[in-house]
Amino acid sequence: MKLDNKTSKVQASTAPDHEVVVIGTGMAGIAVAVKLIEAGLREFVMLDRSAAPGGVWQNHTYPGVGVDTPAVAYDYSFSRNKDWSSVWVDGPEINANHMRVAAEHGLAPYFRLNTSIVRQVWDEANGMWRLETADDRVITTRFLITATGQFPEQKPSAIPGVDEFKGKLQQSAHWDRDYDHTCERVAVIGTGASAVQIVPTMAPTVGQLDVFQRTPVFCFPRGNPKFSPRVAKALATPRAGRIYYWAYKLLADVLVSTLTLMPGAIVRPIMRSLDGRARALNRRGLQRLVHDETTRTALTPNYGLMVKRPTGSSDYLQAFNRDNVGLITTSIDRITDKGIRTVDGIEHEYDTIVLATGHILFSDPEYYQPGTVIGRNGFDLGEFYQEHGVQAYEGMAVPGLPNRWMMSGPYSFSLSPHIPVEVYAESIVSIITATKRAGGIVVEADQRAHEKYHAKVRRRARNLEWYMMELNKGVTTYYANSQNQVAALRLTSLTALAARTRRTPLANYRVDTL
């Protein structure tokens, strides 16, 4: 499908409600809002379907929720936290830090909560976006920035019978904190990052906890050193912030270059060797931490370290030494009114079932439903992604969707979340500012530039896709989507994007002037 890159002259006969709309009030939304204010673009609003701002760290409140990346990586370079309590912090502390930044920059008046956008339609005649809400309102904006995050939707359970269960059903993204699980019989379905945090937190208080495992996870023991107030303040100094900022970008770009630019004949044997070493290290840890040999064997991954995101925990593996914690590896047949029936015909009865089965990601084509984002000349983002695969110029913009950017688009995820979203925010705000300075009201990613960029991304994905699809064939991973593309990870340089943003923000964009 080829897109016509010619845009018609825009009359702008009707003024939009807002100059800029940001969808999302979480980490990415806050970053772009701060950059908009710094650029003097104060005529904007931030929409969120939730009743409170904060995004994923506001909405995810399951037991033990926290980061699996050091807290200093969950910080903005322009407003570093002087009060981190430890190396690894819990969800409420992360959310409190984001809300601190929002308060310091006066973002509260920009929030429009309980506002769910169900459809985005480009109004060609007036050069603006029409945003349709779940309660049948329409909000119009000249420029649109989606900041809905990397884990925007809880993945619906594919297990039949979920609606038949008469006990309590908990989901990691929609946890009922008021419900008391003390002494209950609890099942946790899933062994990803959420389950690694939920299991050891619930185990001491429930009567019985069974973990239903399809694939074991790499889980390495870790401590959690506390920060003294002096150390926390030192880590928040401007010098420390600059060192971290540039060190991170250098590390991310070097890692990307190593994995994507080196010939397969060189990097693939290295990947294979490192996987073997990682599995050996993990087996030694399991030998030390898990007492029962059968359980230890079941908890041992037989795939590569990078296929699924490794986790760290000081108590997940040890939880299986408890008398009230069991590990079930027999496949689930269905959920019944009393609990879970496995394929061997055994029905396990529970008071609560926890669905920790993952999310629909920003890199999944299923997230972009046909009919929900309609651009120039009827261009349908969902249909385009289904037919041609997910893609975006620099992970942010798509030809056919003028004046629209994604803070978490295909091929945008990097090692640490905050630095990339700052780079994306600066780039987007620079593009908007340059467009206005040029007297333009419509700006759109150039079709040829986009095609060239996406071809480069696809070439750079070859080693990773070999690793995921061939070396570790048959192992499910959220890094690879249903189209067998490793479309989550950013495969190009953040440093180059930041430099181009400062020099020529409108490079590879087309502007329509009045």
# chains A, B, ... in the order shown; residues from 1 in each chain; ligands from 1
call {"tool": "residues_around", "arguments": {"residues": "Val121 in chain A", "least_positions_apart": "3", "cutoff": "12 Å", "atoms": "only C-alpha atoms", "output": "ChimeraX atom specification"}}
result
/A:117-118,124-133,138-142,144,371-381,400-404
call {"tool": "residues_around", "arguments": {"residues": "Asp323 in chain A", "least_positions_apart": "4", "cutoff": "10 Å", "atoms": "only C-alpha atoms", "output": "list in words"}}
result
Ala203, Gly207, Gln208, Leu209 and Ala319 of chain A
call {"tool": "select_by_dssp", "arguments": {"residues": "range 36-230 of chain A", "states": "helix (DSSP H, G or I)", "output": "number ranges by chain"}}
result
A: 36-38, 56-59, 71-73, 91-104, 108-110, 162-164, 193-202, 229-230
call {"tool": "select_by_dssp", "arguments": {"residues": "range 12-229 of chain A", "states": "strand (DSSP E)", "output": "ChimeraX atom specification"}}
result
/A:18-23,44-47,111-112,117-123,128-133,138-146,153-154,168-171,185-189,208-212,219-220
call {"tool": "decode", "arguments": {"residues": "range 355-494 of chain A", "atoms": "C-alpha atoms", "output": "tab-separated table (two decimals), in the first residue's frame"}}
result
chain	number	residue	atom	x	y	z
A	355	LEU	CA	-4.60	-13.54	36.17
A	356	ALA	CA	-1.00	-12.39	35.68
A	357	THR	CA	-1.00	-13.24	31.99
A	358	GLY	CA	0.48	-10.08	30.54
A	359	HIS	CA	-0.57	-7.11	28.43
A	360	ILE	CA	-1.30	-6.11	24.88
A	361	LEU	CA	1.76	-4.06	23.97
A	362	PHE	CA	2.38	-0.95	21.92
A	363	SER	CA	4.21	-3.19	19.42
A	364	ASP	CA	1.27	-5.57	18.93
A	365	PRO	CA	-0.80	-4.95	15.79
A	366	GLU	CA	-3.85	-6.08	17.79
A	367	TYR	CA	-3.61	-2.90	19.87
A	368	TYR	CA	-4.30	-0.74	16.79
A	369	GLN	CA	-7.86	-1.73	15.98
A	370	PRO	CA	-9.17	-0.87	12.48
A	371	GLY	CA	-11.51	2.10	12.50
A	372	THR	CA	-10.03	3.78	15.59
A	373	VAL	CA	-7.38	6.01	13.95
A	374	ILE	CA	-8.35	7.48	10.59
A	375	GLY	CA	-5.99	9.86	8.81
A	376	ARG	CA	-5.70	11.67	5.50
A	377	ASN	CA	-7.72	10.28	2.58
A	378	GLY	CA	-9.28	7.62	4.83
A	379	PHE	CA	-5.92	6.11	5.80
A	380	ASP	CA	-6.71	3.57	8.55
A	381	LEU	CA	-3.77	2.91	10.90
A	382	GLY	CA	-5.15	-0.43	12.12
A	383	GLU	CA	-5.71	-1.76	8.62
A	384	PHE	CA	-2.29	-0.52	7.48
A	385	TYR	CA	-0.54	-2.26	10.40
A	386	GLN	CA	-2.41	-5.50	9.82
A	387	GLU	CA	-1.44	-5.52	6.16
A	388	HIS	CA	2.09	-4.10	6.29
A	389	GLY	CA	3.27	-4.64	9.85
A	390	VAL	CA	3.69	-2.11	12.63
A	391	GLN	CA	6.05	0.75	11.80
A	392	ALA	CA	6.68	4.40	12.50
A	393	TYR	CA	9.27	6.95	11.49
A	394	GLU	CA	11.69	7.18	14.46
A	395	GLY	CA	9.09	5.20	16.42
A	396	MET	CA	6.87	8.30	16.56
A	397	ALA	CA	5.12	9.30	13.32
A	398	VAL	CA	3.34	7.62	10.41
A	399	PRO	CA	2.76	9.15	6.94
A	400	GLY	CA	-0.95	9.65	6.38
A	401	LEU	CA	-1.43	10.83	9.97
A	402	PRO	CA	-0.50	14.52	9.95
A	403	ASN	CA	0.14	16.41	13.20
A	404	ARG	CA	0.20	13.16	15.18
A	405	TRP	CA	2.97	11.47	17.15
A	406	MET	CA	3.31	8.47	19.45
A	407	MET	CA	5.49	8.60	22.55
A	408	SER	CA	5.48	4.78	22.58
A	409	GLY	CA	5.26	3.71	18.99
A	410	PRO	CA	6.59	0.60	17.23
A	411	TYR	CA	10.34	0.08	17.63
A	412	SER	CA	10.65	2.64	20.44
A	413	PHE	CA	11.40	0.68	23.66
A	414	SER	CA	14.84	1.08	25.17
A	415	LEU	CA	16.67	-0.08	28.31
A	416	SER	CA	15.36	2.65	30.58
A	417	PRO	CA	12.03	4.35	29.99
A	418	HIS	CA	12.66	7.95	31.01
A	419	ILE	CA	15.60	8.94	28.81
A	420	PRO	CA	13.92	7.81	25.54
A	421	VAL	CA	10.63	9.57	26.33
A	422	GLU	CA	12.55	12.78	27.04
A	423	VAL	CA	14.27	12.49	23.65
A	424	TYR	CA	10.93	11.81	21.92
A	425	ALA	CA	9.24	14.66	23.79
A	426	GLU	CA	11.97	17.12	22.83
A	427	SER	CA	11.79	16.00	19.20
A	428	ILE	CA	8.00	16.30	18.95
A	429	VAL	CA	7.88	19.70	20.65
A	430	SER	CA	10.72	20.95	18.41
A	431	ILE	CA	8.79	19.81	15.31
A	432	ILE	CA	5.62	21.59	16.46
A	433	THR	CA	7.56	24.76	17.32
A	434	ALA	CA	9.42	24.77	13.99
A	435	THR	CA	6.16	24.19	12.10
A	436	LYS	CA	4.51	27.16	13.78
A	437	ARG	CA	7.59	29.31	13.22
A	438	ALA	CA	7.39	28.48	9.50
A	439	GLY	CA	3.75	29.56	9.43
A	440	GLY	CA	2.53	26.01	8.98
A	441	ILE	CA	-0.45	24.27	10.49
A	442	VAL	CA	0.06	20.77	9.08
A	443	VAL	CA	3.24	18.72	9.38
A	444	GLU	CA	3.62	15.11	8.27
A	445	ALA	CA	6.40	12.53	8.13
A	446	ASP	CA	7.76	12.25	4.60
A	447	GLN	CA	6.76	8.99	2.92
A	448	ARG	CA	10.16	8.27	1.37
A	449	ALA	CA	12.00	9.09	4.58
A	450	HIS	CA	9.68	6.80	6.49
A	451	GLU	CA	10.16	3.93	4.04
A	452	LYS	CA	13.94	4.35	4.15
A	453	TYR	CA	13.91	4.43	7.95
A	454	HIS	CA	11.67	1.38	8.27
A	455	ALA	CA	13.82	-0.58	5.80
A	456	LYS	CA	16.83	0.21	7.99
A	457	VAL	CA	14.96	-0.95	11.09
A	458	ARG	CA	13.96	-4.21	9.42
A	459	ARG	CA	17.57	-4.87	8.36
A	460	ARG	CA	18.76	-4.21	11.89
A	461	ALA	CA	16.20	-6.61	13.32
A	462	ARG	CA	17.67	-9.65	11.56
A	463	ASN	CA	19.97	-10.84	14.34
A	464	LEU	CA	17.36	-10.35	17.03
A	465	GLU	CA	14.68	-12.09	15.01
A	466	TRP	CA	17.05	-15.00	14.39
A	467	TYR	CA	17.65	-15.16	18.13
A	468	MET	CA	13.94	-15.04	19.02
A	469	MET	CA	12.47	-17.07	16.16
A	470	GLU	CA	15.15	-19.62	15.33
A	471	LEU	CA	17.59	-20.09	18.18
A	472	ASN	CA	14.73	-19.99	20.69
A	473	LYS	CA	11.95	-21.23	18.43
A	474	GLY	CA	8.64	-21.93	20.15
A	475	VAL	CA	9.16	-19.71	23.20
A	476	THR	CA	6.60	-16.92	23.49
A	477	THR	CA	8.01	-13.45	24.11
A	478	TYR	CA	6.52	-10.00	24.16
A	479	TYR	CA	9.55	-8.68	22.27
A	480	ALA	CA	8.15	-10.43	19.18
A	481	ASN	CA	4.58	-9.68	18.11
A	482	SER	CA	2.01	-11.82	16.32
A	483	GLN	CA	3.60	-10.87	12.98
A	484	ASN	CA	6.91	-12.42	14.14
A	485	GLN	CA	8.58	-9.03	14.22
A	486	VAL	CA	10.78	-7.87	17.09
A	487	ALA	CA	8.95	-4.56	16.96
A	488	ALA	CA	9.24	-3.46	20.58
A	489	LEU	CA	12.92	-2.55	20.78
A	490	ARG	CA	14.42	0.66	19.42
A	491	LEU	CA	17.04	-0.38	16.86
A	492	THR	CA	18.43	3.03	15.92
A	493	SER	CA	20.46	5.65	17.77
A	494	LEU	CA	18.90	7.90	20.39
